[in-house]
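The structure under discussion appears below in the form of structure tokens.
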Amino acid sequence: MTQRKGEKPTISIQEHMAIDVCPGPIQPIKQISDYFPRYPRGLPPVPLPSQAGSLRSAFSASPSAATALEDDPPRPGEDPQERVSTGASAPWQQPARRDEEPDVEGYDSDDSTTLGTLDFSLLYDQENNALHCTINKAKLPVPRYKKGLKPMDHNGLSDPYVKLHLLPGASKANKLRTKTLRNTLNPVWSETLTYYGITDEDMVRKTLRISVCDEDKFRHNEFIGETRIPLKKLKPNQTKNFYNCLEKQLPVNKTEDKSLEERGRIMISLKYNSQKSCLVVGIVRCAHLAAMDANGFSDPYVKTYLKPDENKKSKHKTAVKKKTLNPEFNEEFSYDIKYADLTKKTLEVTVWDYDIGKSNDFIGGVSLGINANGERLKHWFDCLKNKDKKIERWHTLTNELPGSAFND
């Protein structure tokens, strides 16, 4: 630019901007877009003081970034910091991670995984005819990024417990449950529940239903989720661990023959005493009996008959056990009979609920003898083949009343 003598120096707009932006000697530029090629519609963002340290750490942590700038030197009039700030690799240019607010109502209840998971293990003790169910813990995801129970109460928490049910079977006869844990979405029970009287036949045809529920003192308990395990998946005497997603409540098959509805289990021992020529029948215990009283329990006792009984003297009765569904009797009865006559006899065993002032309620029964089948027939034959040896077996009680034992 030329300056006449005596005139004050004037500066063009382009030169004025160059002075404001670039310290040092003024270098003429053709147009602003040449100076800011990457921001045609505005100025580049200026790093904040707090970002200066990030800039230094970015170069120290990533030598490749610094090398890239050395290989590509800045153009005249370009600030190196502006080149870094406009690059995609600048730390402050990365999209910041933002913690989402919990969306308690945002989960889709149709997705089975939103109901959560249950950690448990199963063990079939074949020798003792027992199924051990260890309930470890539940982790059910609500909100999405956390793990915890689906909240059922107004405070966003639950009072969860676990309920077991063997299918098919009467719901009250074989239902077990854990303790209730208060105000938690991540319950840890570490509790073992045991079914007694489980046979190999049960392991083939039965399914274990495990439900997680929320206890409510003022309303009906609420269902959270369930899982079902066919017992045929288990191997005898081997613990199997499960970590299953809970599902919605599935309908129970009600097409079973009601005459074969299970009402509990009974352990019976048989022994033929060859010295005394008598059959010794032992009533050991019952398990998971059907509840017949309003309090959810029964007052059970057991009766035995050896049929046909012409003289009606074969009836024996145990003591009554109060308010229990798992009574232990450990009582024995003797029947004087010749060994050869056992092939003509049938042992009828019935379980009753004792009531004061009214008729006793029939709970269930079972028949052992030459006309029986399955485990009941096998038990009878084992007794005949093994004189003077006590043979114990678990048997399933059904609501099919044996013989004429209807009238108590």
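Labels for the structure tokens follow display order: chains A, B, ..., residues from 1 in each chain, ligands from 1.
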All helix (DSSP H, G or I) positions in region 141-349 of chain A, as a list of chain:residue names: A:Asp200, A:Glu201, A:Asp202, A:Met203, A:Val204, A:Arg205, A:Leu231, A:Lys232, A:Lys233, A:Lys258, A:Ser259, A:Leu260, A:Tyr339, A:Ala340, A:Asp341, A:Leu342, A:Thr343, A:Lys344
Using all heavy atoms, can you write the selected residues to a file as a compact mmCIF listing (two decimals), in the first residue's frame?
# COMPACT_ATOMS: atom_id res chain seq x y z
N ASP A 200 -37.46 -91.91 40.92
CA ASP A 200 -36.93 -91.83 39.56
C ASP A 200 -38.05 -91.57 38.55
O ASP A 200 -37.84 -90.90 37.53
CB ASP A 200 -36.21 -93.13 39.21
CG ASP A 200 -34.92 -93.31 40.02
OD1 ASP A 200 -34.43 -92.31 40.57
OD2 ASP A 200 -34.42 -94.45 40.10
N GLU A 201 -39.23 -92.09 38.85
CA GLU A 201 -40.39 -91.85 37.98
C GLU A 201 -40.75 -90.37 37.96
O GLU A 201 -41.09 -89.80 36.91
CB GLU A 201 -41.57 -92.68 38.46
CG GLU A 201 -42.81 -92.55 37.59
CD GLU A 201 -43.98 -93.35 38.13
OE1 GLU A 201 -43.79 -94.10 39.11
OE2 GLU A 201 -45.09 -93.21 37.57
N ASP A 202 -40.67 -89.72 39.13
CA ASP A 202 -40.95 -88.28 39.20
C ASP A 202 -39.94 -87.49 38.37
O ASP A 202 -40.29 -86.50 37.72
CB ASP A 202 -40.90 -87.81 40.65
CG ASP A 202 -42.01 -88.39 41.49
OD1 ASP A 202 -43.10 -88.60 40.96
OD2 ASP A 202 -41.78 -88.65 42.69
N MET A 203 -38.68 -87.92 38.42
CA MET A 203 -37.63 -87.20 37.70
C MET A 203 -37.83 -87.25 36.19
O MET A 203 -37.33 -86.40 35.46
CB MET A 203 -36.26 -87.77 38.07
CG MET A 203 -35.90 -87.62 39.54
SD MET A 203 -35.87 -85.90 40.10
CE MET A 203 -34.50 -85.26 39.15
N VAL A 204 -38.56 -88.23 35.74
CA VAL A 204 -38.81 -88.36 34.30
C VAL A 204 -39.99 -87.50 33.86
O VAL A 204 -39.96 -86.86 32.80
CB VAL A 204 -39.04 -89.83 33.93
CG1 VAL A 204 -39.48 -89.96 32.47
CG2 VAL A 204 -37.78 -90.65 34.17
N ARG A 205 -41.04 -87.43 34.69
CA ARG A 205 -42.29 -86.83 34.22
C ARG A 205 -42.64 -85.48 34.85
O ARG A 205 -43.56 -84.82 34.39
CB ARG A 205 -43.45 -87.80 34.45
CG ARG A 205 -43.80 -88.04 35.89
CD ARG A 205 -44.90 -89.10 36.04
NE ARG A 205 -45.34 -89.25 37.41
CZ ARG A 205 -46.34 -88.57 37.97
NH1 ARG A 205 -46.99 -87.68 37.23
NH2 ARG A 205 -46.68 -88.76 39.22
N LEU A 231 -37.40 -81.94 35.29
CA LEU A 231 -36.47 -82.65 36.15
C LEU A 231 -35.65 -83.69 35.39
O LEU A 231 -34.60 -84.12 35.89
CB LEU A 231 -37.23 -83.31 37.31
CG LEU A 231 -37.95 -82.35 38.26
CD1 LEU A 231 -38.55 -83.12 39.43
CD2 LEU A 231 -37.00 -81.27 38.76
N LYS A 232 -36.08 -84.06 34.22
CA LYS A 232 -35.30 -85.04 33.44
C LYS A 232 -33.97 -84.45 32.97
O LYS A 232 -33.10 -85.20 32.50
CB LYS A 232 -36.12 -85.54 32.25
CG LYS A 232 -36.52 -84.46 31.27
CD LYS A 232 -37.42 -85.03 30.19
CE LYS A 232 -37.88 -83.94 29.21
NZ LYS A 232 -38.79 -84.48 28.18
N LYS A 233 -33.80 -83.14 33.09
CA LYS A 233 -32.52 -82.52 32.74
C LYS A 233 -31.45 -82.78 33.78
O LYS A 233 -30.26 -82.54 33.52
CB LYS A 233 -32.70 -81.00 32.57
CG LYS A 233 -33.49 -80.59 31.35
CD LYS A 233 -33.49 -79.08 31.20
CE LYS A 233 -34.19 -78.64 29.91
NZ LYS A 233 -34.15 -77.15 29.75
N LYS A 258 -58.36 -85.77 37.23
CA LYS A 258 -58.51 -85.34 38.61
C LYS A 258 -58.47 -86.50 39.59
O LYS A 258 -58.15 -86.33 40.76
CB LYS A 258 -59.82 -84.54 38.78
CG LYS A 258 -59.81 -83.19 38.09
CD LYS A 258 -58.72 -82.30 38.66
CE LYS A 258 -58.73 -80.93 38.02
NZ LYS A 258 -57.69 -80.06 38.55
N SER A 259 -58.81 -87.70 39.13
CA SER A 259 -58.78 -88.85 40.02
C SER A 259 -57.36 -89.22 40.41
O SER A 259 -57.14 -89.95 41.36
CB SER A 259 -59.46 -90.05 39.36
OG SER A 259 -58.73 -90.47 38.22
N LEU A 260 -56.38 -88.72 39.65
CA LEU A 260 -54.98 -89.01 39.95
C LEU A 260 -54.25 -87.79 40.48
O LEU A 260 -53.04 -87.72 40.44
CB LEU A 260 -54.28 -89.53 38.69
CG LEU A 260 -54.85 -90.83 38.10
CD1 LEU A 260 -54.08 -91.21 36.85
CD2 LEU A 260 -54.81 -91.96 39.12
N TYR A 339 -46.97 -116.66 54.81
CA TYR A 339 -46.22 -116.08 53.69
C TYR A 339 -46.93 -116.35 52.36
O TYR A 339 -47.00 -115.46 51.50
CB TYR A 339 -44.80 -116.66 53.67
CG TYR A 339 -43.96 -116.18 52.51
CD1 TYR A 339 -43.41 -114.91 52.51
CD2 TYR A 339 -43.75 -117.01 51.40
CE1 TYR A 339 -42.66 -114.47 51.45
CE2 TYR A 339 -43.00 -116.57 50.33
CZ TYR A 339 -42.45 -115.29 50.35
OH TYR A 339 -41.70 -114.85 49.28
N ALA A 340 -47.46 -117.55 52.18
CA ALA A 340 -48.11 -117.90 50.91
C ALA A 340 -49.36 -117.08 50.65
O ALA A 340 -49.77 -116.89 49.50
CB ALA A 340 -48.45 -119.39 50.90
N ASP A 341 -49.99 -116.55 51.72
CA ASP A 341 -51.23 -115.79 51.55
C ASP A 341 -51.00 -114.34 51.13
O ASP A 341 -51.96 -113.64 50.78
CB ASP A 341 -52.05 -115.82 52.85
CG ASP A 341 -52.57 -117.21 53.17
OD1 ASP A 341 -52.66 -118.04 52.23
OD2 ASP A 341 -52.87 -117.48 54.36
N LEU A 342 -49.74 -113.89 51.18
CA LEU A 342 -49.47 -112.48 50.84
C LEU A 342 -49.78 -112.18 49.37
O LEU A 342 -50.11 -111.04 49.03
CB LEU A 342 -48.01 -112.14 51.13
CG LEU A 342 -47.65 -111.95 52.61
CD1 LEU A 342 -46.16 -111.68 52.75
CD2 LEU A 342 -48.45 -110.79 53.21
N THR A 343 -49.68 -113.18 48.53
CA THR A 343 -49.96 -112.95 47.11
C THR A 343 -51.44 -112.69 46.85
O THR A 343 -51.81 -112.23 45.76
CB THR A 343 -49.50 -114.17 46.28
OG1 THR A 343 -50.16 -115.35 46.77
CG2 THR A 343 -47.99 -114.36 46.38
N LYS A 344 -52.28 -112.94 47.85
CA LYS A 344 -53.72 -112.72 47.70
C LYS A 344 -54.20 -111.44 48.39
O LYS A 344 -55.38 -111.14 48.36
CB LYS A 344 -54.49 -113.91 48.28
CG LYS A 344 -54.09 -115.27 47.69
CD LYS A 344 -54.78 -116.40 48.43
CE LYS A 344 -54.31 -117.76 47.95
NZ LYS A 344 -54.95 -118.87 48.72
Residues within 10 Å of Ala372 (chain A), only C-alpha atoms, excluding chain neighbours under 6 positions, as JSON, numbers by chain: {"A": [346, 347, 366, 378, 379, 380]}
Non-local contacts of region 293-304 of chain A (8 Å; only C-alpha atoms; under 5 positions in same chain excluded) as number ranges by chain: A: 283, 314-325, 327, 347-355
CA of His288 (chain A) to CA of Gly197 (chain A), straight-line distance in Å: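 So the answer is 9.3 Å.
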Residue list (strand (DSSP E or B), DSSP) for region 282-331 of chain A, as a list in words: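 Residues of region 282-331 of chain A classed as strand (DSSP E or B): Gly282, Ile283, Val284, Arg285, Cys286, Ala287, Pro300, Tyr301, Val302, Lys303, Thr304, Tyr305, Leu306, Lys307, His316, Lys317, Glu328, Phe329, Asn330 and Glu331 of chain A.
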Only N, CA and C atoms, please: the residues just picked out, written as a compact mmCIF listing (two decimals), in the first residue's frame.
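After the write, result_12.txt holds the following:
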# COMPACT_ATOMS: atom_id res chain seq x y z
N GLY A 282 -44.60 -100.41 58.31
CA GLY A 282 -44.12 -99.21 58.99
C GLY A 282 -44.59 -97.94 58.29
N ILE A 283 -45.20 -97.04 59.06
CA ILE A 283 -45.56 -95.71 58.54
C ILE A 283 -44.49 -94.75 59.04
N VAL A 284 -43.59 -94.37 58.16
CA VAL A 284 -42.42 -93.58 58.56
C VAL A 284 -42.75 -92.09 58.63
N ARG A 285 -43.16 -91.52 57.49
CA ARG A 285 -43.45 -90.08 57.46
C ARG A 285 -44.24 -89.74 56.21
N CYS A 286 -44.79 -88.52 56.21
CA CYS A 286 -45.45 -87.97 55.03
C CYS A 286 -44.77 -86.65 54.66
N ALA A 287 -44.94 -86.25 53.43
CA ALA A 287 -44.33 -84.99 52.97
C ALA A 287 -45.28 -84.28 52.02
N PRO A 300 -52.87 -84.40 60.34
CA PRO A 300 -52.93 -85.70 59.68
C PRO A 300 -52.71 -86.90 60.60
N TYR A 301 -53.30 -88.01 60.20
CA TYR A 301 -53.00 -89.32 60.75
C TYR A 301 -53.18 -90.34 59.64
N VAL A 302 -52.68 -91.58 59.86
CA VAL A 302 -52.67 -92.60 58.81
C VAL A 302 -53.40 -93.84 59.29
N LYS A 303 -54.16 -94.45 58.38
CA LYS A 303 -54.82 -95.73 58.65
C LYS A 303 -54.34 -96.77 57.65
N THR A 304 -54.25 -98.03 58.10
CA THR A 304 -53.85 -99.13 57.22
C THR A 304 -54.87 -100.27 57.31
N TYR A 305 -55.09 -100.91 56.17
CA TYR A 305 -55.96 -102.08 56.07
C TYR A 305 -55.24 -103.14 55.25
N LEU A 306 -55.43 -104.40 55.59
CA LEU A 306 -54.95 -105.52 54.77
C LEU A 306 -56.18 -106.23 54.21
N LYS A 307 -56.44 -106.04 52.95
CA LYS A 307 -57.65 -106.55 52.30
C LYS A 307 -57.34 -107.79 51.46
N HIS A 316 -55.50 -100.40 61.44
CA HIS A 316 -54.57 -99.79 62.38
C HIS A 316 -54.53 -98.29 62.11
N LYS A 317 -54.24 -97.54 63.16
CA LYS A 317 -54.26 -96.09 63.03
C LYS A 317 -53.09 -95.48 63.81
N GLU A 328 -44.02 -86.70 60.88
CA GLU A 328 -43.19 -87.88 61.08
C GLU A 328 -43.89 -88.77 62.10
N PHE A 329 -44.14 -90.02 61.72
CA PHE A 329 -44.88 -90.95 62.58
C PHE A 329 -43.97 -92.01 63.20
N ASN A 330 -43.20 -92.70 62.37
CA ASN A 330 -42.30 -93.77 62.83
C ASN A 330 -43.05 -94.80 63.69
N GLU A 331 -44.17 -95.27 63.16
CA GLU A 331 -44.96 -96.30 63.85
C GLU A 331 -45.02 -97.56 62.99
Any idea what's packed within 9 Å of Ile210 (chain A), counting only C-alpha atoms, ignoring anything in its chain fewer than 4 positions away? Could you give it as a JSON list (two decimals) with N, CA, C and O atoms, in the first residue's frame?
[["chain", "number", "residue", "atom", "x", "y", "z"],
["A", 162, "VAL", "N", -39.33, -66.44, 46.91],
["A", 162, "VAL", "CA", -39.37, -67.43, 45.84],
["A", 162, "VAL", "C", -40.27, -68.58, 46.26],
["A", 162, "VAL", "O", -40.21, -69.05, 47.41],
["A", 163, "LYS", "N", -41.09, -69.05, 45.33],
["A", 163, "LYS", "CA", -42.04, -70.12, 45.58],
["A", 163, "LYS", "C", -41.76, -71.27, 44.62],
["A", 163, "LYS", "O", -41.57, -71.05, 43.43],
["A", 164, "LEU", "N", -41.74, -72.50, 45.15],
["A", 164, "LEU", "CA", -41.51, -73.70, 44.34],
["A", 164, "LEU", "C", -42.79, -74.51, 44.23],
["A", 164, "LEU", "O", -43.57, -74.58, 45.17],
["A", 165, "HIS", "N", -42.97, -75.14, 43.07],
["A", 165, "HIS", "CA", -44.18, -75.94, 42.83],
["A", 165, "HIS", "C", -43.84, -77.05, 41.84],
["A", 165, "HIS", "O", -43.31, -76.76, 40.76],
["A", 166, "LEU", "N", -44.10, -78.29, 42.22],
["A", 166, "LEU", "CA", -43.86, -79.42, 41.34],
["A", 166, "LEU", "C", -45.10, -79.66, 40.47],
["A", 166, "LEU", "O", -46.21, -79.79, 40.99],
["A", 225, "GLY", "N", -42.10, -62.97, 38.14],
["A", 225, "GLY", "CA", -41.65, -63.77, 37.00],
["A", 225, "GLY", "C", -41.42, -65.20, 37.43],
["A", 225, "GLY", "O", -41.37, -65.51, 38.62],
["A", 226, "GLU", "N", -41.27, -66.10, 36.46],
["A", 226, "GLU", "CA", -41.08, -67.51, 36.78],
["A", 226, "GLU", "C", -40.17, -68.17, 35.77],
["A", 226, "GLU", "O", -39.90, -67.64, 34.68],
["A", 227, "THR", "N", -39.67, -69.36, 36.13],
["A", 227, "THR", "CA", -38.93, -70.22, 35.22],
["A", 227, "THR", "C", -39.29, -71.66, 35.54],
["A", 227, "THR", "O", -39.65, -71.97, 36.69],
["A", 228, "ARG", "N", -39.22, -72.55, 34.54],
["A", 228, "ARG", "CA", -39.60, -73.95, 34.74],
["A", 228, "ARG", "C", -38.47, -74.86, 34.27],
["A", 228, "ARG", "O", -37.89, -74.64, 33.19],
["A", 229, "ILE", "N", -38.18, -75.89, 35.08],
["A", 229, "ILE", "CA", -37.10, -76.82, 34.79],
["A", 229, "ILE", "C", -37.66, -78.24, 34.74],
["A", 229, "ILE", "O", -38.10, -78.76, 35.77]]
Selection: 8 Å around Leu123 (chain A), only C-alpha atoms, excl. self and same-chain fewer than 6 positions, as a list in words: Leu131, His132, Cys133, Leu234, Pro236, Asn237, Gln238, Thr239 and Lys240 of chain A
Of the listed residues A:Lys358, A:His395, A:Gly264, A:Lys235, that which approaches Asn373 (chain A) most closely, counting only C-alpha atoms: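 Closest to Asn373 (chain A) of all the choices is A:His395.
Take CA of Cys278 (chain A) and CA of Tyr335 (chain A): the distance between them is 5.3 Å.
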Interatomic distance, CA of Ser211 (chain A) to CA of Gly365 (chain A) (Å, one decimal): 29.1 Å
Cys383 (chain A) surroundings by only C-alpha atoms, 12 Å radius, close-in-sequence under 4 positions cut, as a ChimeraX atom specification: /A:268-274,279-281,339,342-343,368-370,376-379,387-393
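Residue nearest Lys139 (chain A) within the list A:Lys206, A:Ser190, A:Asn244, A:Asn221: A:Asn244 [criterion: smallest interatomic distance, only C-alpha atoms].
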